[in-house]
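To keep things clear, I will list the structure first and then write my remarks on it.
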Number of protein chains: 2
Amino acid sequence: MKKQECTIYDLARELNISPATVSRALQNSPVVSKKTKNRIIMLAREMGYRSNTIASNLRRKKTNTLGVIVPRLNSHFMSSAISGTEKIANLVGYNLIITQSQEKASKEAFNVNTLFNNRVDGLVVSLAGDTTDFSAFQVLLDREIPVIFFDRITEELACPGFIIDNHQAGQLITTHLIEQGCKNVVHITGDLNRNVYADRCEGYKKALTLQGLPVREEFIMATNLSIEAGVEAANRIKSLSPAPDGIFVANDACAISCMNTLKKNGFRIPEDIAVAGFNNDPYAALVEPALTTIDYPGEEMGEMVIKSLIEHLENKQDLRSTNRIILRSSLIIRESTLRTEKSQ
Amino acid sequence: MKKQECTIYDLARELNISPATVSRALQNSPVVSKKTKNRIIMLAREMGYRSNTIASNLRRKKTNTLGVIVPRLNSHFMSSAISGTEKIANLVGYNLIITQSQEKASKEAFNVNTLFNNRVDGLVVSLAGDTTDFSAFQVLLDREIPVIFFDRITEELACPGFIIDNHQAGQLITTHLIEQGCKNVVHITGDLNRNVYADRCEGYKKALTLQGLPVREEFIMATNLSIEAGVEAANRIKSLSPAPDGIFVANDACAISCMNTLKKNGFRIPEDIAVAGFNNDPYAALVEPALTTIDYPGEEMGEMVIKSLIEHLENKQDLRSTNRIILRSSLIIRESTLRTEKSQ
DNA sequence: GTGAAAGCGCTAACAT
DNA sequence: ATGTTAGCGCTTTCAC
């Protein structure tokens, strides 16, 4: 048969004490005597008492729950970042409600709302591809519920953001391609509304310009960076003129798929075309040729962002003072771009 | 300055009506007149009213929230499954709290507890690798909170499970290897406590036996199926005798890494050793040679499991009657095992 | 060290 | 169609 809910009142009645004392004992408050505390805890175990977090949350006006909104969970970077947030949150007694926007601003706004209605204490967000209206977030900020962004951030809200220097990374990897002898470098990017792609693209342009190479708009392809997009991009690249000899793709999945399609079309990588990605997905090292990419500290970013949010909530740290936190990233050079000893 | 919480009492006072009417109006109850409903909704918007889900949950003794526990979020299968659950849950007005056990039974039990304390209406679980004690789940079952498993299920609890026929799939893929001329097939598997790995392994053995081949215990390697494990396994395989000519790995990540290491050691795939994986990760089609694998309906499984849970909660369907739901899976043959026209 | 009492914000009988 | 009222289970101030 079904077990009844057992409340602190049941425990109190059983022991002939007040619910207040039971509540205090279960929170391990120092004012309760060791003896009664023990009696209460024993009985609670015996009767299968389980604290009702909802009631506690309502009363305390604090939920110890943080909301997380990410575009998708299915990239290596995102699942690492989530893993990092969860690890820290668990450690210090916070719960996480993890949601996906599926790259859609509408779902993102919907999620912000339900998370707010569930009275999360704070929110961690990596933006959907097409978000341009940030008013949903403003609702939280108006009530001083902290919102922190990571990776895909915005300048439109006065919120802290944890990022890498995408501009520098884009410039670094493009420069590397040029140093390997590439003169006609294509860039495959994502939604340029998002800082991550816009900045990488700027870095790409900067590198070309600094090396005295022309920036050709038709060499910059905005896609959704999916595996399918990689196939399409490869097909477009075949007919570009002058013939591209290098490609910088803004993520690894698309880069690998693009490289694969080019190989099937008889291109030699890196001799005919060098290919570089971004993110250092585990598979990047396993494909042939192994993919040059930017290593990107997902887990660490997740840890830092949640730590910072919690410290703010517990008044240990002010958020205004640290508005952009830039984590290190690094270029990982592999065979897909190494042409100096092979050709040229 | 900080916006004040606005409650239904504030709205009621402002309009000189009772909180009950406000509550009814906001739930769009048909008994409230269109006129007052409108006035209430207008004022709510104007005053920035936001319903407090916590208070509502406490009162209704229902949260419209479901808990999800998976080992990790970072595999293609799991992120697809999660994506499926979220899609359906959203559609019908349920929230999801997604958590990871990180493959650890202790964290899994901890998560079950916090989810229960948050009074989730139901729970969806794919088990951690080493769970053998299921008492944490029993707490929920004792209170008639439904728990449904998917993929990694257990026979120890009377709960429905959504799975594929792992035994059949394992047998199918092993038979395929044998048909391609493999006589000494290695099997790299995960924790044999879990049905998914135990069943695939049984299928492997069955296939060998049916084809009159010996089952060699030293050809069965239990690992954590990580990329690192793939490297190690490849190194062990080099020194096995008789020399293996086929490998069936219980997931794609490990298979690809193993294949990669073998290639680096001069083995030709599939001529010297054929390699097959499991899951049909997107990358399986992109590596060289493309990986033979079992296609596995992650998103669909996620959709079905959550749909079934919700229908049970809403009394539209009884769960006892449908104890094991088997979804279809299929063998995808690619170059990594195709040797008939190449060698032998 | 313990108890009494009020209330978090909402909902749902029951009454009108 | 609307109002009254009594909680949901917990925490916390204020007493003692």
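Following the order of the structure tokens, chains are lettered A, B, ..., residues in each are numbered from 1, and ligands are numbered from 1.
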Q | Test item, strand (DSSP E or B) assignment across segment 208-344 of chain B, answer as an MDAnalysis selection string | A | chainID B and resid 220:222 246:249 274:276 279 292:295 324:327 330:332
**Q.** Interface residues on chain C facing chain B, 7 Å, only C-alpha atoms (C1' of nucleotides), written as a list in words
**A.** DG9, DC10 and DT11 of chain C
Q: Residues of chain B no more than 7 Å from chain D, counting only C-alpha atoms (C1' of nucleotides): send them over as a PyMOL selection string.
A: chain B and resi 18+21+31-33+58-59
Q) For chain A, which residues have at least one atom within 6 Å of chain B, if we go by only C-alpha atoms? Write them as a list of chain:residue names, please. A)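 Contact residues on the first chain: A:Lys2, A:Lys3, A:Asn52, A:Thr53, A:Leu73, A:Asn74, A:Ser79, A:Ile97, A:Ile98, A:Asn117, A:Asn118, A:Asp142, A:Arg143, A:Val287.
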Write to file, as a PDB file, in the first residue's frame, the residues of the selection just made, with N, CA and C atoms.
```pdb
ATOM      1  N   LYS A   2       0.246   2.336  -0.321  1.00  0.00           N
ATOM      2  CA  LYS A   2       0.987   3.583  -0.484  1.00  0.00           C
ATOM      3  C   LYS A   2       1.385   4.197   0.855  1.00  0.00           C
ATOM      4  N   LYS A   3       2.635   4.544   0.942  1.00  0.00           N
ATOM      5  CA  LYS A   3       3.093   5.206   2.170  1.00  0.00           C
ATOM      6  C   LYS A   3       2.568   6.630   2.245  1.00  0.00           C
ATOM      7  N   ASN A  52      10.174  18.309   2.701  1.00  0.00           N
ATOM      8  CA  ASN A  52       9.499  18.824   1.508  1.00  0.00           C
ATOM      9  C   ASN A  52      10.160  20.134   1.087  1.00  0.00           C
ATOM     10  N   THR A  53      11.008  20.001   0.078  1.00  0.00           N
ATOM     11  CA  THR A  53      11.783  21.154  -0.370  1.00  0.00           C
ATOM     12  C   THR A  53      10.882  22.293  -0.825  1.00  0.00           C
ATOM     13  N   LEU A  73      22.412  20.321 -25.973  1.00  0.00           N
ATOM     14  CA  LEU A  73      23.286  19.569 -25.081  1.00  0.00           C
ATOM     15  C   LEU A  73      24.222  18.661 -25.855  1.00  0.00           C
ATOM     16  N   ASN A  74      24.071  18.620 -27.171  1.00  0.00           N
ATOM     17  CA  ASN A  74      24.745  17.539 -27.884  1.00  0.00           C
ATOM     18  C   ASN A  74      26.099  17.881 -28.481  1.00  0.00           C
ATOM     19  N   SER A  79      28.285  19.746 -23.362  1.00  0.00           N
ATOM     20  CA  SER A  79      28.119  18.731 -22.327  1.00  0.00           C
ATOM     21  C   SER A  79      29.252  18.813 -21.307  1.00  0.00           C
ATOM     22  N   ILE A  97      18.449  23.197 -12.772  1.00  0.00           N
ATOM     23  CA  ILE A  97      17.451  22.801 -13.760  1.00  0.00           C
ATOM     24  C   ILE A  97      18.035  23.133 -15.119  1.00  0.00           C
ATOM     25  N   ILE A  98      18.332  22.095 -15.878  1.00  0.00           N
ATOM     26  CA  ILE A  98      19.004  22.272 -17.164  1.00  0.00           C
ATOM     27  C   ILE A  98      17.983  22.248 -18.284  1.00  0.00           C
ATOM     28  N   ASN A 117       9.374  31.420 -12.927  1.00  0.00           N
ATOM     29  CA  ASN A 117       8.197  31.017 -12.160  1.00  0.00           C
ATOM     30  C   ASN A 117       8.548  29.966 -11.114  1.00  0.00           C
ATOM     31  N   ASN A 118       9.553  29.182 -11.416  1.00  0.00           N
ATOM     32  CA  ASN A 118      10.026  28.225 -10.420  1.00  0.00           C
ATOM     33  C   ASN A 118      10.985  28.878  -9.437  1.00  0.00           C
ATOM     34  N   ASP A 142      15.286  42.867 -13.237  1.00  0.00           N
ATOM     35  CA  ASP A 142      14.475  43.835 -12.493  1.00  0.00           C
ATOM     36  C   ASP A 142      14.273  43.398 -11.046  1.00  0.00           C
ATOM     37  N   ARG A 143      14.273  42.106 -10.846  1.00  0.00           N
ATOM     38  CA  ARG A 143      14.095  41.619  -9.470  1.00  0.00           C
ATOM     39  C   ARG A 143      15.401  41.203  -8.837  1.00  0.00           C
ATOM     40  N   VAL A 287      40.017  11.601 -36.554  1.00  0.00           N
ATOM     41  CA  VAL A 287      39.715  11.538 -37.974  1.00  0.00           C
ATOM     42  C   VAL A 287      41.015  11.574 -38.764  1.00  0.00           C
TER      43      VAL A 287
END
```
(Q) as a ChimeraX atom specification, please: the residues near segment 276-278 of chain A (cut-off 8 Å, only C-alpha atoms (C1' of nucleotides), same-chain neighbours under 2 positions excluded). (A) /A:173,247-252,254-256,274,280,291-295,336-337
Could you write out the selected residues, including C-alpha atoms, as a PDB file, in the first residue's frame?
```
ATOM      1  CA  ILE A 173      44.239  29.847 -36.567  1.00  0.00           C
ATOM      2  CA  ILE A 247      39.365  26.459 -44.752  1.00  0.00           C
ATOM      3  CA  PHE A 248      38.739  27.696 -41.251  1.00  0.00           C
ATOM      4  CA  VAL A 249      35.472  26.294 -39.912  1.00  0.00           C
ATOM      5  CA  ALA A 250      33.964  27.667 -36.699  1.00  0.00           C
ATOM      6  CA  ASN A 251      33.321  24.239 -35.196  1.00  0.00           C
ATOM      7  CA  ASP A 252      34.763  20.758 -35.462  1.00  0.00           C
ATOM      8  CA  CYS A 254      31.169  20.915 -39.560  1.00  0.00           C
ATOM      9  CA  ALA A 255      34.892  20.973 -40.291  1.00  0.00           C
ATOM     10  CA  ILE A 256      35.171  17.201 -40.156  1.00  0.00           C
ATOM     11  CA  ALA A 274      44.145  22.635 -45.419  1.00  0.00           C
ATOM     12  CA  ASN A 280      38.804  20.373 -29.965  1.00  0.00           C
ATOM     13  CA  LEU A 291      42.087  18.066 -37.350  1.00  0.00           C
ATOM     14  CA  THR A 292      43.847  21.275 -36.377  1.00  0.00           C
ATOM     15  CA  THR A 293      41.582  23.162 -34.006  1.00  0.00           C
ATOM     16  CA  ILE A 294      41.275  25.531 -31.053  1.00  0.00           C
ATOM     17  CA  ASP A 295      41.152  23.941 -27.633  1.00  0.00           C
ATOM     18  CA  SER A 336      44.960  18.620 -41.447  1.00  0.00           C
ATOM     19  CA  THR A 337      46.894  21.860 -41.850  1.00  0.00           C
TER      20      THR A 337
END
```
**Q.** Within 12 Å of Lys34 of chain B using only C-alpha atoms (C1' of nucleotides), minus same-chain residues under 4 positions, as a list of chain:residue names
**A.**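 Within the cut-off, the hits are B:Thr21, B:Arg24, B:Ala25, B:Leu26, B:Asn28, B:Ser29, B:Pro30, B:Asn38, B:Arg39, B:Ile40, B:Ile41, D:DA1.
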Those same residues, written as a short mmCIF file (atom, residue, chain, number, x, y, z; two decimals), in the first residue's frame with N, CA and C atoms (P, O5', C5', C4', C3', O3' and C1' of nucleotides)?
```cif
data_model
loop_
_atom_site.label_atom_id
_atom_site.label_comp_id
_atom_site.auth_asym_id
_atom_site.auth_seq_id
_atom_site.Cartn_x
_atom_site.Cartn_y
_atom_site.Cartn_z
N THR B 21 -10.98 34.66 -7.15
CA THR B 21 -11.36 34.99 -8.51
C THR B 21 -10.13 35.26 -9.37
N ARG B 24 -8.59 31.99 -10.23
CA ARG B 24 -9.38 31.31 -11.27
C ARG B 24 -9.16 31.95 -12.63
N ALA B 25 -9.16 33.26 -12.65
CA ALA B 25 -9.00 33.96 -13.92
C ALA B 25 -7.66 33.62 -14.56
N LEU B 26 -6.63 33.62 -13.74
CA LEU B 26 -5.29 33.39 -14.27
C LEU B 26 -5.14 31.96 -14.78
N ASN B 28 -7.50 30.66 -16.31
CA ASN B 28 -8.45 30.67 -17.42
C ASN B 28 -9.64 29.75 -17.14
N SER B 29 -10.09 29.75 -15.90
CA SER B 29 -11.24 28.94 -15.55
C SER B 29 -12.50 29.49 -16.21
N PRO B 30 -13.34 28.63 -16.75
CA PRO B 30 -14.52 29.08 -17.49
C PRO B 30 -15.57 29.74 -16.60
N ASN B 38 -10.65 39.61 -18.21
CA ASN B 38 -9.85 40.59 -18.94
C ASN B 38 -9.21 41.62 -18.04
N ARG B 39 -10.01 42.17 -17.14
CA ARG B 39 -9.47 43.19 -16.23
C ARG B 39 -8.29 42.63 -15.46
N ILE B 40 -8.47 41.41 -14.98
CA ILE B 40 -7.41 40.78 -14.18
C ILE B 40 -6.15 40.58 -15.01
N ILE B 41 -6.33 40.07 -16.22
CA ILE B 41 -5.17 39.78 -17.04
C ILE B 41 -4.43 41.06 -17.44
P DA D 1 -20.87 32.47 -15.32
"O5'" DA D 1 -20.26 33.58 -14.35
"C5'" DA D 1 -20.70 34.91 -14.48
"C4'" DA D 1 -20.45 35.53 -13.15
"C3'" DA D 1 -18.97 35.68 -12.81
"O3'" DA D 1 -18.79 36.99 -12.29
"C1'" DA D 1 -20.07 34.47 -11.08
#
```
Run DSSP on the backbone and grab whatever in segment 148-273 of chain A lands in alpha helix (DSSP H); send it over as a short mmCIF file (atom, residue, chain, number, x, y, z; two decimals) with N, CA and C atoms, in the first residue's frame.
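After the write, out11.cif holds the following:
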```cif
data_model
loop_
_atom_site.label_atom_id
_atom_site.label_comp_id
_atom_site.auth_asym_id
_atom_site.auth_seq_id
_atom_site.Cartn_x
_atom_site.Cartn_y
_atom_site.Cartn_z
N ASN A 166 37.65 34.95 -28.70
CA ASN A 166 37.35 34.35 -30.00
C ASN A 166 38.04 35.09 -31.15
N HIS A 167 38.16 36.39 -30.99
CA HIS A 167 38.82 37.19 -32.02
C HIS A 167 40.26 36.72 -32.17
N GLN A 168 40.95 36.65 -31.04
CA GLN A 168 42.34 36.23 -31.06
C GLN A 168 42.49 34.81 -31.60
N ALA A 169 41.61 33.91 -31.16
CA ALA A 169 41.70 32.52 -31.60
C ALA A 169 41.49 32.42 -33.11
N GLY A 170 40.49 33.16 -33.61
CA GLY A 170 40.22 33.15 -35.04
C GLY A 170 41.41 33.69 -35.83
N GLN A 171 42.01 34.72 -35.26
CA GLN A 171 43.17 35.30 -35.94
C GLN A 171 44.34 34.33 -35.93
N LEU A 172 44.52 33.69 -34.79
CA LEU A 172 45.63 32.75 -34.62
C LEU A 172 45.55 31.60 -35.61
N ILE A 173 44.37 31.03 -35.73
CA ILE A 173 44.24 29.85 -36.57
C ILE A 173 44.32 30.22 -38.05
N THR A 174 43.80 31.40 -38.38
CA THR A 174 43.89 31.86 -39.77
C THR A 174 45.34 32.17 -40.12
N THR A 175 46.02 32.81 -39.20
CA THR A 175 47.44 33.10 -39.43
C THR A 175 48.22 31.81 -39.64
N HIS A 176 47.89 30.82 -38.83
CA HIS A 176 48.56 29.52 -38.99
C HIS A 176 48.33 28.97 -40.40
N LEU A 177 47.10 29.06 -40.90
CA LEU A 177 46.83 28.57 -42.26
C LEU A 177 47.67 29.33 -43.28
N ILE A 178 47.75 30.64 -43.10
CA ILE A 178 48.52 31.45 -44.04
C ILE A 178 50.00 31.07 -43.98
N GLU A 179 50.47 30.86 -42.78
CA GLU A 179 51.88 30.46 -42.62
C GLU A 179 52.16 29.12 -43.26
N ASN A 195 28.28 36.52 -30.64
CA ASN A 195 29.66 36.96 -30.46
C ASN A 195 30.68 35.91 -30.86
N VAL A 196 30.42 34.64 -30.50
CA VAL A 196 31.44 33.63 -30.78
C VAL A 196 31.78 33.58 -32.27
N TYR A 197 30.74 33.64 -33.10
CA TYR A 197 31.00 33.55 -34.54
C TYR A 197 31.45 34.88 -35.11
N ALA A 198 30.84 35.96 -34.67
CA ALA A 198 31.23 37.28 -35.16
C ALA A 198 32.70 37.55 -34.83
N ASP A 199 33.10 37.21 -33.63
CA ASP A 199 34.47 37.50 -33.21
C ASP A 199 35.49 36.63 -33.95
N ARG A 200 35.14 35.35 -34.12
CA ARG A 200 36.06 34.49 -34.86
C ARG A 200 36.21 35.00 -36.28
N CYS A 201 35.12 35.46 -36.83
CA CYS A 201 35.13 35.97 -38.20
C CYS A 201 35.98 37.23 -38.29
N GLU A 202 35.86 38.10 -37.28
CA GLU A 202 36.68 39.30 -37.27
C GLU A 202 38.16 38.94 -37.19
N GLY A 203 38.46 37.94 -36.37
CA GLY A 203 39.85 37.50 -36.24
C GLY A 203 40.38 36.97 -37.57
N TYR A 204 39.53 36.24 -38.26
CA TYR A 204 39.88 35.72 -39.58
C TYR A 204 40.23 36.86 -40.54
N LYS A 205 39.35 37.87 -40.55
CA LYS A 205 39.58 39.01 -41.45
C LYS A 205 40.85 39.76 -41.07
N LYS A 206 41.02 39.94 -39.78
CA LYS A 206 42.20 40.66 -39.31
C LYS A 206 43.47 39.96 -39.78
N ALA A 207 43.48 38.64 -39.65
CA ALA A 207 44.67 37.88 -40.03
C ALA A 207 44.95 38.06 -41.52
N LEU A 208 43.92 37.96 -42.32
CA LEU A 208 44.11 38.13 -43.76
C LEU A 208 44.70 39.51 -44.05
N THR A 209 44.07 40.52 -43.45
CA THR A 209 44.49 41.88 -43.71
C THR A 209 45.94 42.10 -43.29
N LEU A 210 46.26 41.62 -42.09
CA LEU A 210 47.63 41.80 -41.60
C LEU A 210 48.65 41.14 -42.50
N ILE A 227 26.62 19.02 -39.49
CA ILE A 227 27.32 18.07 -40.35
C ILE A 227 26.83 18.22 -41.80
N GLU A 228 25.53 18.41 -41.95
CA GLU A 228 24.97 18.62 -43.29
C GLU A 228 25.55 19.89 -43.92
N ALA A 229 25.67 20.93 -43.11
CA ALA A 229 26.21 22.18 -43.63
C ALA A 229 27.64 22.00 -44.14
N GLY A 230 28.37 21.09 -43.51
CA GLY A 230 29.73 20.82 -43.93
C GLY A 230 29.77 20.23 -45.34
N VAL A 231 28.82 19.36 -45.62
CA VAL A 231 28.73 18.76 -46.95
C VAL A 231 28.43 19.83 -48.00
N GLU A 232 27.42 20.62 -47.70
CA GLU A 232 27.05 21.71 -48.62
C GLU A 232 28.20 22.66 -48.87
N ALA A 233 28.85 23.05 -47.79
CA ALA A 233 29.95 24.00 -47.91
C ALA A 233 31.03 23.44 -48.81
N ALA A 234 31.34 22.15 -48.63
CA ALA A 234 32.37 21.53 -49.45
C ALA A 234 31.98 21.61 -50.92
N ASN A 235 30.73 21.38 -51.20
CA ASN A 235 30.29 21.43 -52.59
C ASN A 235 30.38 22.84 -53.17
N ARG A 236 30.09 23.83 -52.35
CA ARG A 236 30.23 25.21 -52.83
C ARG A 236 31.69 25.56 -53.05
N ILE A 237 32.54 25.05 -52.18
CA ILE A 237 33.96 25.39 -52.26
C ILE A 237 34.57 24.92 -53.57
N LYS A 238 34.10 23.78 -54.07
CA LYS A 238 34.64 23.23 -55.31
C LYS A 238 34.55 24.22 -56.48
N ASP A 252 34.11 21.97 -34.98
CA ASP A 252 34.76 20.76 -35.46
C ASP A 252 33.83 19.84 -36.24
N ALA A 253 32.58 19.73 -35.79
CA ALA A 253 31.65 18.81 -36.46
C ALA A 253 31.53 19.18 -37.94
N CYS A 254 31.32 20.45 -38.18
CA CYS A 254 31.17 20.92 -39.56
C CYS A 254 32.49 20.80 -40.32
N ALA A 255 33.58 21.07 -39.65
CA ALA A 255 34.89 20.97 -40.29
C ALA A 255 35.17 19.54 -40.74
N ILE A 256 34.88 18.60 -39.85
CA ILE A 256 35.17 17.20 -40.16
C ILE A 256 34.30 16.72 -41.31
N SER A 257 33.04 17.12 -41.29
CA SER A 257 32.15 16.72 -42.37
C SER A 257 32.57 17.34 -43.69
N CYS A 258 32.99 18.59 -43.63
CA CYS A 258 33.44 19.28 -44.83
C CYS A 258 34.69 18.60 -45.39
N MET A 259 35.62 18.31 -44.50
CA MET A 259 36.87 17.66 -44.89
C MET A 259 36.56 16.31 -45.53
N ASN A 260 35.65 15.58 -44.92
CA ASN A 260 35.26 14.27 -45.41
C ASN A 260 34.72 14.35 -46.83
N THR A 261 33.85 15.33 -47.06
CA THR A 261 33.26 15.48 -48.39
C THR A 261 34.32 15.87 -49.42
N LEU A 262 35.21 16.75 -49.01
CA LEU A 262 36.28 17.14 -49.93
C LEU A 262 37.15 15.93 -50.30
N LYS A 263 37.46 15.12 -49.30
CA LYS A 263 38.25 13.91 -49.56
C LYS A 263 37.56 13.02 -50.58
N LYS A 264 36.25 12.84 -50.38
CA LYS A 264 35.49 12.01 -51.31
C LYS A 264 35.52 12.57 -52.72
#
```
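Relative to atom CA of Asp151 of chain A, atom CA of Gly298 of chain A is found at 9.1 Å.
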